[in-house]
file upload04.pdb (PDB, C-alpha atoms and all ligand atoms)
ATOM      1  CA  MET Y  77      63.530  87.268 131.101  1.00  0.00           C
ATOM      2  CA  LEU Y  78      64.269  90.803 132.174  1.00  0.00           C
ATOM      3  CA  SER Y  79      62.660  93.698 130.430  1.00  0.00           C
ATOM      4  CA  LYS Y  80      64.914  95.474 127.967  1.00  0.00           C
ATOM      5  CA  GLU Y  81      65.644  99.052 128.868  1.00  0.00           C
ATOM      6  CA  LYS Y  82      68.085 101.625 127.623  1.00  0.00           C
ATOM      7  CA  LEU Y  83      69.115 104.943 129.054  1.00  0.00           C
ATOM      8  CA  THR Y  84      70.763 107.802 127.270  1.00  0.00           C
ATOM      9  CA  THR Y  85      73.725 109.302 129.076  1.00  0.00           C
ATOM     10  CA  ALA Y  86      75.937 111.976 127.539  1.00  0.00           C
ATOM     11  CA  GLY Y  87      74.072 111.500 124.263  1.00  0.00           C
ATOM     12  CA  LYS Y  88      74.955 107.803 124.031  1.00  0.00           C
ATOM     13  CA  GLU Y  89      72.598 104.930 124.673  1.00  0.00           C
ATOM     14  CA  THR Y  90      73.597 102.451 127.338  1.00  0.00           C
ATOM     15  CA  GLU Y  91      71.864  99.297 128.514  1.00  0.00           C
ATOM     16  CA  VAL Y  92      70.608  98.914 132.040  1.00  0.00           C
ATOM     17  CA  ILE Y  93      71.701  95.797 133.849  1.00  0.00           C
ATOM     18  CA  SER Y  94      70.387  93.836 136.801  1.00  0.00           C
ATOM     19  CA  LEU Y  95      73.429  92.939 138.799  1.00  0.00           C
ATOM     20  CA  SER Y  96      73.864  90.689 141.818  1.00  0.00           C
ATOM     21  CA  ARG Y  97      77.370  91.786 142.787  1.00  0.00           C
ATOM     22  CA  VAL Y  98      80.881  92.608 141.680  1.00  0.00           C
ATOM     23  CA  HIS Y  99      84.025  91.616 143.542  1.00  0.00           C
ATOM     24  CA  PHE Y 100      87.808  91.776 143.306  1.00  0.00           C
ATOM     25  CA  PRO Y 101      89.875  89.714 143.835  1.00  0.00           C
ATOM     26  CA  VAL Y 102      88.212  86.402 143.034  1.00  0.00           C
ATOM     27  CA  THR Y 103      90.737  83.537 142.965  1.00  0.00           C
ATOM     28  CA  ALA Y 104      88.469  80.488 142.746  1.00  0.00           C
ATOM     29  CA  LEU Y 105      86.940  80.996 139.290  1.00  0.00           C
ATOM     30  CA  GLY Y 106      89.817  80.918 136.833  1.00  0.00           C
ATOM     31  CA  PRO Y 107      93.544  81.637 136.910  1.00  0.00           C
ATOM     32  CA  GLY Y 108      94.953  84.513 138.914  1.00  0.00           C
ATOM     33  CA  ARG Y 109      93.264  87.365 140.748  1.00  0.00           C
ATOM     34  CA  ARG Y 110      90.098  88.107 138.819  1.00  0.00           C
ATOM     35  CA  VAL Y 111      87.235  90.553 138.739  1.00  0.00           C
ATOM     36  CA  GLY Y 112      83.996  88.655 139.370  1.00  0.00           C
ATOM     37  CA  ILE Y 113      80.737  90.004 137.928  1.00  0.00           C
ATOM     38  CA  TRP Y 114      77.484  88.220 138.839  1.00  0.00           C
ATOM     39  CA  PHE Y 115      74.315  88.976 136.878  1.00  0.00           C
ATOM     40  CA  GLN Y 116      70.989  88.888 138.712  1.00  0.00           C
ATOM     41  CA  GLY Y 117      68.159  86.734 137.367  1.00  0.00           C
ATOM     42  CA  CYS Y 118      68.098  83.141 136.127  1.00  0.00           C
ATOM     43  CA  SER Y 119      65.063  81.310 134.768  1.00  0.00           C
ATOM     44  CA  ILE Y 120      66.836  77.943 134.428  1.00  0.00           C
ATOM     45  CA  ARG Y 121      66.607  77.089 138.146  1.00  0.00           C
ATOM     46  CA  CYS Y 122      68.720  73.942 138.345  1.00  0.00           C
ATOM     47  CA  PRO Y 123      67.871  71.818 141.402  1.00  0.00           C
ATOM     48  CA  GLY Y 124      70.764  72.115 143.875  1.00  0.00           C
ATOM     49  CA  CYS Y 125      72.067  75.420 142.433  1.00  0.00           C
ATOM     50  CA  ILE Y 126      74.298  77.140 144.989  1.00  0.00           C
ATOM     51  CA  SER Y 127      73.445  80.598 143.608  1.00  0.00           C
ATOM     52  CA  ALA Y 128      69.723  80.601 144.320  1.00  0.00           C
ATOM     53  CA  ASP Y 129      70.046  84.187 145.601  1.00  0.00           C
ATOM     54  CA  THR Y 130      70.645  85.225 141.970  1.00  0.00           C
ATOM     55  CA  TRP Y 131      67.454  83.653 140.551  1.00  0.00           C
ATOM     56  CA  ALA Y 132      64.958  86.447 141.177  1.00  0.00           C
ATOM     57  CA  THR Y 133      64.675  89.032 138.423  1.00  0.00           C
ATOM     58  CA  HIS Y 134      65.079  92.392 140.101  1.00  0.00           C
ATOM     59  CA  SER Y 135      64.483  95.596 138.209  1.00  0.00           C
ATOM     60  CA  PRO Y 136      67.571  96.585 136.276  1.00  0.00           C
ATOM     61  CA  ASP Y 137      69.415  98.813 138.680  1.00  0.00           C
ATOM     62  CA  MET Y 138      72.431 100.378 136.986  1.00  0.00           C
ATOM     63  CA  THR Y 139      73.692 101.201 133.548  1.00  0.00           C
ATOM     64  CA  VAL Y 140      76.426  99.195 131.868  1.00  0.00           C
ATOM     65  CA  LYS Y 141      78.283 102.459 131.400  1.00  0.00           C
ATOM     66  CA  ASN Y 142      78.343 103.035 135.168  1.00  0.00           C
ATOM     67  CA  LEU Y 143      79.347  99.435 135.792  1.00  0.00           C
ATOM     68  CA  LEU Y 144      82.271  99.789 133.368  1.00  0.00           C
ATOM     69  CA  HIS Y 145      83.293 102.978 135.127  1.00  0.00           C
ATOM     70  CA  SER Y 146      83.267 101.212 138.510  1.00  0.00           C
ATOM     71  CA  LEU Y 147      85.458  98.379 137.155  1.00  0.00           C
ATOM     72  CA  GLY Y 148      88.067 100.800 135.832  1.00  0.00           C
ATOM     73  CA  ALA Y 149      90.649 100.669 138.636  1.00  0.00           C
ATOM     74  CA  TRP Y 150      90.493  96.864 138.892  1.00  0.00           C
ATOM     75  CA  LEU Y 151      91.031  96.321 135.168  1.00  0.00           C
ATOM     76  CA  SER Y 152      94.558  97.675 135.415  1.00  0.00           C
ATOM     77  CA  VAL Y 153      95.592  95.127 138.068  1.00  0.00           C
ATOM     78  CA  CYS Y 154      93.480  91.996 137.550  1.00  0.00           C
ATOM     79  CA  ASP Y 155      94.554  88.789 135.764  1.00  0.00           C
ATOM     80  CA  GLY Y 156      91.184  88.082 134.183  1.00  0.00           C
ATOM     81  CA  ILE Y 157      87.442  88.652 134.290  1.00  0.00           C
ATOM     82  CA  THR Y 158      84.834  86.059 135.285  1.00  0.00           C
ATOM     83  CA  ILE Y 159      81.182  86.711 134.472  1.00  0.00           C
ATOM     84  CA  SER Y 160      78.580  84.471 136.060  1.00  0.00           C
ATOM     85  CA  GLY Y 161      75.185  84.664 137.640  1.00  0.00           C
ATOM     86  CA  GLY Y 162      72.350  84.382 137.541  1.00  0.00           C
ATOM     87  CA  GLU Y 163      72.231  83.906 133.814  1.00  0.00           C
ATOM     88  CA  PRO Y 164      74.262  86.413 131.777  1.00  0.00           C
ATOM     89  CA  PHE Y 165      72.651  85.365 128.469  1.00  0.00           C
ATOM     90  CA  GLU Y 166      69.204  86.392 129.753  1.00  0.00           C
ATOM     91  CA  GLN Y 167      70.423  90.015 129.642  1.00  0.00           C
ATOM     92  CA  LEU Y 168      71.988  89.689 126.239  1.00  0.00           C
ATOM     93  CA  ASP Y 169      72.212  93.339 125.177  1.00  0.00           C
ATOM     94  CA  ALA Y 170      73.728  94.326 128.523  1.00  0.00           C
ATOM     95  CA  LEU Y 171      76.177  91.414 128.308  1.00  0.00           C
ATOM     96  CA  ILE Y 172      77.323  92.440 124.830  1.00  0.00           C
ATOM     97  CA  GLU Y 173      77.787  96.089 125.817  1.00  0.00           C
ATOM     98  CA  LEU Y 174      79.678  95.023 128.932  1.00  0.00           C
ATOM     99  CA  LEU Y 175      81.997  92.705 126.982  1.00  0.00           C
ATOM    100  CA  GLU Y 176      82.623  95.327 124.293  1.00  0.00           C
ATOM    101  CA  GLY Y 177      83.368  97.940 126.956  1.00  0.00           C
ATOM    102  CA  ILE Y 178      85.799  95.665 128.784  1.00  0.00           C
ATOM    103  CA  ARG Y 179      87.570  94.739 125.544  1.00  0.00           C
ATOM    104  CA  GLU Y 180      88.115  98.408 124.700  1.00  0.00           C
ATOM    105  CA  SER Y 181      90.422  98.899 127.661  1.00  0.00           C
ATOM    106  CA  TYR Y 182      91.464  95.437 128.789  1.00  0.00           C
ATOM    107  CA  SER Y 183      93.611  92.766 127.140  1.00  0.00           C
ATOM    108  CA  GLY Y 184      93.312  89.933 129.714  1.00  0.00           C
ATOM    109  CA  ASP Y 185      91.051  86.906 129.418  1.00  0.00           C
ATOM    110  CA  ILE Y 186      87.281  86.868 129.839  1.00  0.00           C
ATOM    111  CA  LEU Y 187      85.540  83.747 131.153  1.00  0.00           C
ATOM    112  CA  VAL Y 188      81.726  83.523 131.045  1.00  0.00           C
ATOM    113  CA  PHE Y 189      79.521  80.914 132.741  1.00  0.00           C
ATOM    114  CA  THR Y 190      76.095  80.111 131.290  1.00  0.00           C
ATOM    115  CA  GLY Y 191      73.498  77.522 132.231  1.00  0.00           C
ATOM    116  CA  TYR Y 192      72.506  77.142 128.565  1.00  0.00           C
ATOM    117  CA  GLU Y 193      74.000  74.504 126.278  1.00  0.00           C
ATOM    118  CA  LYS Y 194      76.131  76.022 123.505  1.00  0.00           C
ATOM    119  CA  SER Y 195      73.645  74.881 120.824  1.00  0.00           C
ATOM    120  CA  LYS Y 196      70.944  77.033 122.460  1.00  0.00           C
ATOM    121  CA  ILE Y 197      73.003  80.245 122.379  1.00  0.00           C
ATOM    122  CA  GLU Y 198      74.789  79.944 118.997  1.00  0.00           C
ATOM    123  CA  CYS Y 199      72.969  82.987 117.578  1.00  0.00           C
ATOM    124  CA  SER Y 200      73.928  85.077 120.611  1.00  0.00           C
ATOM    125  CA  LEU Y 201      77.534  83.900 120.396  1.00  0.00           C
ATOM    126  CA  ASP Y 202      77.665  84.981 116.734  1.00  0.00           C
ATOM    127  CA  LYS Y 203      76.984  88.535 117.927  1.00  0.00           C
ATOM    128  CA  MET Y 204      79.894  88.451 120.354  1.00  0.00           C
ATOM    129  CA  ALA Y 205      82.651  86.874 118.284  1.00  0.00           C
ATOM    130  CA  GLY Y 206      86.029  87.523 119.897  1.00  0.00           C
ATOM    131  CA  LEU Y 207      84.525  89.001 123.043  1.00  0.00           C
ATOM    132  CA  ILE Y 208      84.604  85.820 125.172  1.00  0.00           C
ATOM    133  CA  ASP Y 209      87.788  83.769 125.557  1.00  0.00           C
ATOM    134  CA  VAL Y 210      86.352  80.867 127.526  1.00  0.00           C
ATOM    135  CA  LEU Y 211      82.794  79.704 128.013  1.00  0.00           C
ATOM    136  CA  VAL Y 212      81.461  77.190 130.531  1.00  0.00           C
ATOM    137  CA  THR Y 213      78.078  75.945 129.301  1.00  0.00           C
ATOM    138  CA  GLY Y 214      75.224  73.811 130.539  1.00  0.00           C
ATOM    139  CA  PRO Y 215      72.988  73.512 133.582  1.00  0.00           C
ATOM    140  CA  TYR Y 216      74.103  72.155 136.940  1.00  0.00           C
ATOM    141  CA  ARG Y 217      73.051  68.518 137.314  1.00  0.00           C
ATOM    142  CA  ALA Y 218      73.820  67.141 140.746  1.00  0.00           C
ATOM    143  CA  ASN Y 219      73.735  63.498 139.596  1.00  0.00           C
ATOM    144  CA  GLU Y 220      76.343  63.905 136.832  1.00  0.00           C
ATOM    145  CA  GLY Y 221      79.391  63.823 139.137  1.00  0.00           C
ATOM    146  CA  GLN Y 222      81.925  66.568 139.728  1.00  0.00           C
ATOM    147  CA  THR Y 223      85.463  65.743 138.608  1.00  0.00           C
ATOM    148  CA  LYS Y 224      86.323  68.606 136.242  1.00  0.00           C
ATOM    149  CA  ALA Y 225      87.860  71.957 137.054  1.00  0.00           C
ATOM    150  CA  LEU Y 226      85.653  75.030 136.844  1.00  0.00           C
ATOM    151  CA  ARG Y 227      82.507  72.945 136.484  1.00  0.00           C
ATOM    152  CA  GLY Y 228      79.865  72.256 139.096  1.00  0.00           C
ATOM    153  CA  SER Y 229      78.857  69.043 137.309  1.00  0.00           C
ATOM    154  CA  ASP Y 230      80.518  66.934 134.626  1.00  0.00           C
ATOM    155  CA  ASN Y 231      77.841  67.522 131.954  1.00  0.00           C
ATOM    156  CA  GLN Y 232      79.031  71.136 131.716  1.00  0.00           C
ATOM    157  CA  GLU Y 233      81.461  71.983 128.912  1.00  0.00           C
ATOM    158  CA  LEU Y 234      84.554  74.187 129.024  1.00  0.00           C
ATOM    159  CA  ILE Y 235      84.862  75.745 125.564  1.00  0.00           C
ATOM    160  CA  LEU Y 236      88.033  77.568 124.560  1.00  0.00           C
ATOM    161  CA  LEU Y 237      87.031  80.184 122.001  1.00  0.00           C
ATOM    162  CA  THR Y 238      90.212  82.204 121.414  1.00  0.00           C
ATOM    163  CA  ASP Y 239      93.994  81.733 121.392  1.00  0.00           C
ATOM    164  CA  LEU Y 240      94.176  83.627 124.688  1.00  0.00           C
ATOM    165  CA  GLY Y 241      91.559  81.296 126.161  1.00  0.00           C
ATOM    166  CA  ARG Y 242      93.504  78.229 124.994  1.00  0.00           C
ATOM    167  CA  GLU Y 243      96.764  79.649 126.345  1.00  0.00           C
ATOM    168  CA  ARG Y 244      95.355  80.416 129.776  1.00  0.00           C
ATOM    169  CA  PHE Y 245      92.847  77.605 130.343  1.00  0.00           C
ATOM    170  CA  GLU Y 246      94.074  74.518 128.443  1.00  0.00           C
ATOM    171  CA  ALA Y 247      95.902  73.287 131.538  1.00  0.00           C
ATOM    172  CA  PHE Y 248      92.673  73.334 133.511  1.00  0.00           C
ATOM    173  CA  GLU Y 249      91.332  70.477 131.387  1.00  0.00           C
ATOM    174  CA  ASP Y 250      94.137  68.162 132.501  1.00  0.00           C
ATOM    175  CA  SER Y 251      94.713  69.323 136.021  1.00  0.00           C
ATOM    176  CA  THR Y 252      93.169  67.703 139.064  1.00  0.00           C
ATOM    177  CA  PRO Y 253      90.594  70.213 140.196  1.00  0.00           C
ATOM    178  CA  ILE Y 254      91.448  72.000 143.393  1.00  0.00           C
ATOM    179  CA  ARG Y 255      88.276  73.055 145.116  1.00  0.00           C
ATOM    180  CA  LYS Y 256      88.624  76.371 146.801  1.00  0.00           C
ATOM    181  CA  LEU Y 257      86.226  79.121 147.695  1.00  0.00           C
ATOM    182  CA  ASP Y 258      86.627  82.857 148.172  1.00  0.00           C
ATOM    183  CA  MET Y 259      84.610  84.340 150.984  1.00  0.00           C
ATOM    184  CA  MET Y 260      83.365  87.917 150.825  1.00  0.00           C
ATOM    185  CA  MET Y 261      81.088  90.045 152.941  1.00  0.00           C
ATOM    186  CA  GLY Y 262      78.412  92.103 151.212  1.00  0.00           C
ATOM    187  CA  ALA Y 263      77.345  95.590 152.216  1.00  0.00           C
ATOM    188  CA  ASP Y 264      74.212  93.928 153.664  1.00  0.00           C
ATOM    189  CA  GLY Y 265      76.354  91.982 156.164  1.00  0.00           C
ATOM    190  CA  GLN Y 266      75.686  88.661 154.428  1.00  0.00           C
ATOM    191  CA  ILE Y 267      78.555  86.363 153.555  1.00  0.00           C
ATOM    192  CA  TYR Y 268      78.988  85.278 149.951  1.00  0.00           C
ATOM    193  CA  PHE Y 269      81.190  82.545 148.538  1.00  0.00           C
ATOM    194  CA  ALA Y 270      82.750  82.539 145.075  1.00  0.00           C
ATOM    195  CA  GLY Y 271      83.901  79.271 143.568  1.00  0.00           C
ATOM    196  CA  ILE Y 272      82.600  75.764 143.059  1.00  0.00           C
ATOM    197  CA  PRO Y 273      82.182  73.797 146.277  1.00  0.00           C
ATOM    198  CA  ALA Y 274      82.311  70.011 146.332  1.00  0.00           C
ATOM    199  CA  PRO Y 275      78.995  68.288 147.111  1.00  0.00           C
ATOM    200  CA  GLY Y 276      78.454  68.371 150.854  1.00  0.00           C
ATOM    201  CA  ASP Y 277      80.898  71.223 151.589  1.00  0.00           C
ATOM    202  CA  PHE Y 278      78.209  73.584 152.830  1.00  0.00           C
ATOM    203  CA  THR Y 279      76.503  70.843 154.842  1.00  0.00           C
ATOM    204  CA  ALA Y 280      79.829  70.085 156.539  1.00  0.00           C
ATOM    205  CA  LEU Y 281      80.429  73.792 157.215  1.00  0.00           C
ATOM    206  CA  LYS Y 282      76.923  74.179 158.602  1.00  0.00           C
ATOM    207  CA  THR Y 283      77.379  71.182 160.913  1.00  0.00           C
ATOM    208  CA  ALA Y 284      80.749  72.460 162.155  1.00  0.00           C
ATOM    209  CA  LEU Y 285      79.348  75.924 162.874  1.00  0.00           C
ATOM    210  CA  GLN Y 286      76.287  74.521 164.605  1.00  0.00           C
ATOM    211  CA  LEU Y 287      78.529  72.425 166.865  1.00  0.00           C
ATOM    212  CA  ASP Y 288      80.171  75.716 167.874  1.00  0.00           C
ATOM    213  CA  GLY Y 289      76.771  77.252 168.579  1.00  0.00           C
ATOM    214  CA  ASP Y 290      76.726  79.391 165.415  1.00  0.00           C
ATOM    215  CA  GLN Y 291      73.923  79.578 162.889  1.00  0.00           C
ATOM    216  CA  PHE Y 292      74.488  79.099 159.161  1.00  0.00           C
ATOM    217  CA  VAL Y 293      71.554  79.748 156.850  1.00  0.00           C
ATOM    218  CA  THR Y 294      72.009  79.428 153.109  1.00  0.00           C
ATOM    219  CA  THR Y 295      69.791  80.893 150.388  1.00  0.00           C
ATOM    220  CA  GLU Y 296      68.798  77.276 149.656  1.00  0.00           C
ATOM    221  CA  ASP Y 297      67.572  76.926 153.268  1.00  0.00           C
ATOM    222  CA  ARG Y 298      65.527  80.086 152.935  1.00  0.00           C
ATOM    223  CA  ARG Y 299      63.719  78.710 149.871  1.00  0.00           C
ATOM    224  CA  SER Y 300      62.795  75.386 151.487  1.00  0.00           C
TER     225      SER Y 300
HETATM  226  S1  LIG C   1      72.019  78.161 135.356  1.00  0.00           S
HETATM  227 FE1  LIG C   1      73.501  78.591 136.988  1.00  0.00          FE
HETATM  228  S2  LIG C   1      72.547  80.197 138.251  1.00  0.00           S
HETATM  229 FE2  LIG C   1      70.949  79.334 136.947  1.00  0.00          FE
HETATM  230  S3  LIG C   1      69.986  77.770 138.221  1.00  0.00           S
HETATM  231 FE3  LIG C   1      71.537  76.733 136.966  1.00  0.00          FE
HETATM  232  S4  LIG C   1      73.394  76.719 138.246  1.00  0.00           S
HETATM  233 FE4  LIG C   1      71.986  78.236 139.134  1.00  0.00          FE
END

call {"tool": "encode", "arguments": {"input": "upload04.pdb", "output": "structure tokens", "more": "lines below"}}
Ligand code: SF4
result
Amino acid sequence: MLSKEKLTTAGKETEVISLSRVHFPVTALGPGRRVGIWFQGCSIRCPGCISADTWATHSPDMTVKNLLHSLGAWLSVCDGITISGGEPFEQLDALIELLEGIRESYSGDILVFTGYEKSKIECSLDKMAGLIDVLVTGPYRANEGQTKALRGSDNQELILLTDLGRERFEAFEDSTPIRKLDMMMGADGQIYFAGIPAPGDFTALKTALQLDGDQFVTTEDRRS
């Protein structure tokens, strides 16, 4: 778990947040062109997780207030918000302040991914009633199959919490999942993918690049 810290800016307390990255537009994690927000730090550590770069718990590095400020221009043009990680519920106070701040100025849908089962986070969810439209819960389990949209493995649950969530995401339950990935380049020159790849996608990409003489090293490779 990350240490809890608060800063006071302009006389108002704001949480500090450890963030992996923020990106717009993300098109592979929910309907439309979305703002993607990835928290840094996850203690769940599912074997086969494709986001191993978000596991380490860095020192909190920005305030939620500053993050909200940096999202401002995107909120007026995006179709939704997707929050993932890392594990958002391991920075609960920052998550709540972020959701409340987004809700103040944004009327689109908010989708949150968590590796915890819903039963484990009921108390936290009580504190954020109405702030999340759609929740995807549960750890990634490679042996559970992968046939459902927006889920890395079929044990994960898509929970529609509001009317807006039902309106925007109900169709996802019945649709054949279309696997697609967004590719983005970070300021550090590394390439990041957003979305849920099918099993073997990265192995196939790696093999194809190696045949062309290129190197492809994933965060998973670096850990092994
Ligand atoms: S909960 Fe999510 S980020 Fe954490 S290890 Fe599992 S799949 Fe990866």

call {"tool": "resolve_selection", "arguments": {"input": "upload04.pdb", "expression": "the PyMOL selection byres (((chain Y and resi 228-231) around 12) and not hetatm)", "output": "PyMOL selection string"}}
result
chain Y and resi 105+122+124-127+189-193+212-227+232-234+249+253+255+271-275

call {"tool": "axis_aligned_box", "arguments": {"input": "upload04.pdb", "around": "ligand LIG 1 (chain C)", "padding_each_side": "4 Å", "output": "AutoDock Vina command-line options"}}
result
--center_x 71.7 --center_y 78.5 --center_z 137.2 --size_x 11.5 --size_y 11.5 --size_z 11.8

call {"tool": "resolve_selection", "arguments": {"input": "upload04.pdb", "expression": "the PyMOL selection byres (((chain Y and resi 205) around 12) and not hetatm)", "output": "mmCIF file with C-alpha atoms, keeping the file's coordinate frame"}}
result
data_model
loop_
_atom_site.group_PDB
_atom_site.id
_atom_site.type_symbol
_atom_site.label_atom_id
_atom_site.label_comp_id
_atom_site.auth_asym_id
_atom_site.auth_seq_id
_atom_site.Cartn_x
_atom_site.Cartn_y
_atom_site.Cartn_z
ATOM 1 C CA ILE Y 172 77.323 92.440 124.830
ATOM 2 C CA LEU Y 175 81.997 92.705 126.982
ATOM 3 C CA GLU Y 176 82.623 95.327 124.293
ATOM 4 C CA ARG Y 179 87.570 94.739 125.544
ATOM 5 C CA GLU Y 198 74.789 79.944 118.997
ATOM 6 C CA CYS Y 199 72.969 82.987 117.578
ATOM 7 C CA SER Y 200 73.928 85.077 120.611
ATOM 8 C CA LEU Y 201 77.534 83.900 120.396
ATOM 9 C CA ASP Y 202 77.665 84.981 116.734
ATOM 10 C CA LYS Y 203 76.984 88.535 117.927
ATOM 11 C CA MET Y 204 79.894 88.451 120.354
ATOM 12 C CA GLY Y 206 86.029 87.523 119.897
ATOM 13 C CA LEU Y 207 84.525 89.001 123.043
ATOM 14 C CA ILE Y 208 84.604 85.820 125.172
ATOM 15 C CA ASP Y 209 87.788 83.769 125.557
ATOM 16 C CA VAL Y 210 86.352 80.867 127.526
ATOM 17 C CA LEU Y 237 87.031 80.184 122.001
ATOM 18 C CA THR Y 238 90.212 82.204 121.414
#

call {"tool": "closest_residue", "arguments": {"input": "upload04.pdb", "among": "Y:Val111, Y:Leu83, Y:Val102, Y:Ala128", "to": "Y:Asn142", "atoms": "all atoms listed in the file"}}
result
Y:Leu83

call {"tool": "resolve_selection", "arguments": {"input": "upload04.pdb", "expression": "the PyMOL selection byres (((chain Y and resi 103) around 12) and not hetatm)", "output": "ChimeraX atom specification"}}
result
/Y:99-102,104-112,154-158,226,254-260,269-272

call {"tool": "closest_residue", "arguments": {"input": "upload04.pdb", "among": "Y:Gly148, Y:Asp290, Y:Lys141, Y:Gly162", "to": "ligand LIG 1 (chain C)", "atoms": "only C-alpha atoms and all ligand atoms"}}
result
Y:Gly162

call {"tool": "atom_distance", "arguments": {"input": "upload04.pdb", "atom1": "atom CA of Y:His145", "atom2": "atom CA of Y:Phe115"}}
result
16.7 Å

call {"tool": "closest_residue", "arguments": {"input": "upload04.pdb", "among": "Y:Gly177, Y:Gly241, Y:Gly161, Y:Gly276", "to": "Y:Arg121", "atoms": "all atoms listed in the file"}}
result
Y:Gly161

call {"tool": "atom_distance", "arguments": {"input": "upload04.pdb", "atom1": "atom CA of Y:Leu211", "atom2": "atom CA of Y:Ser160"}}
result
10.3 Å

call {"tool": "atom_distance", "arguments": {"input": "upload04.pdb", "atom1": "atom CA of Y:Glu243", "atom2": "atom CA of Y:Ser183"}}
result
13.5 Å

call {"tool": "residues_near_point", "arguments": {"input": "upload04.pdb", "point": "(70.7, 101.2, 134.1)", "cutoff": "8 Å", "atoms": "only C-alpha atoms", "output": "PyMOL selection string"}}
result
chain Y and resi 81-83+90-94+136-140+142

call {"tool": "closest_residue", "arguments": {"input": "upload04.pdb", "among": "Y:Leu281, Y:Ile186, Y:Ile159, Y:Leu174", "to": "ligand LIG 1 (chain C)", "atoms": "only C-alpha atoms and all ligand atoms"}}
result
Y:Ile159
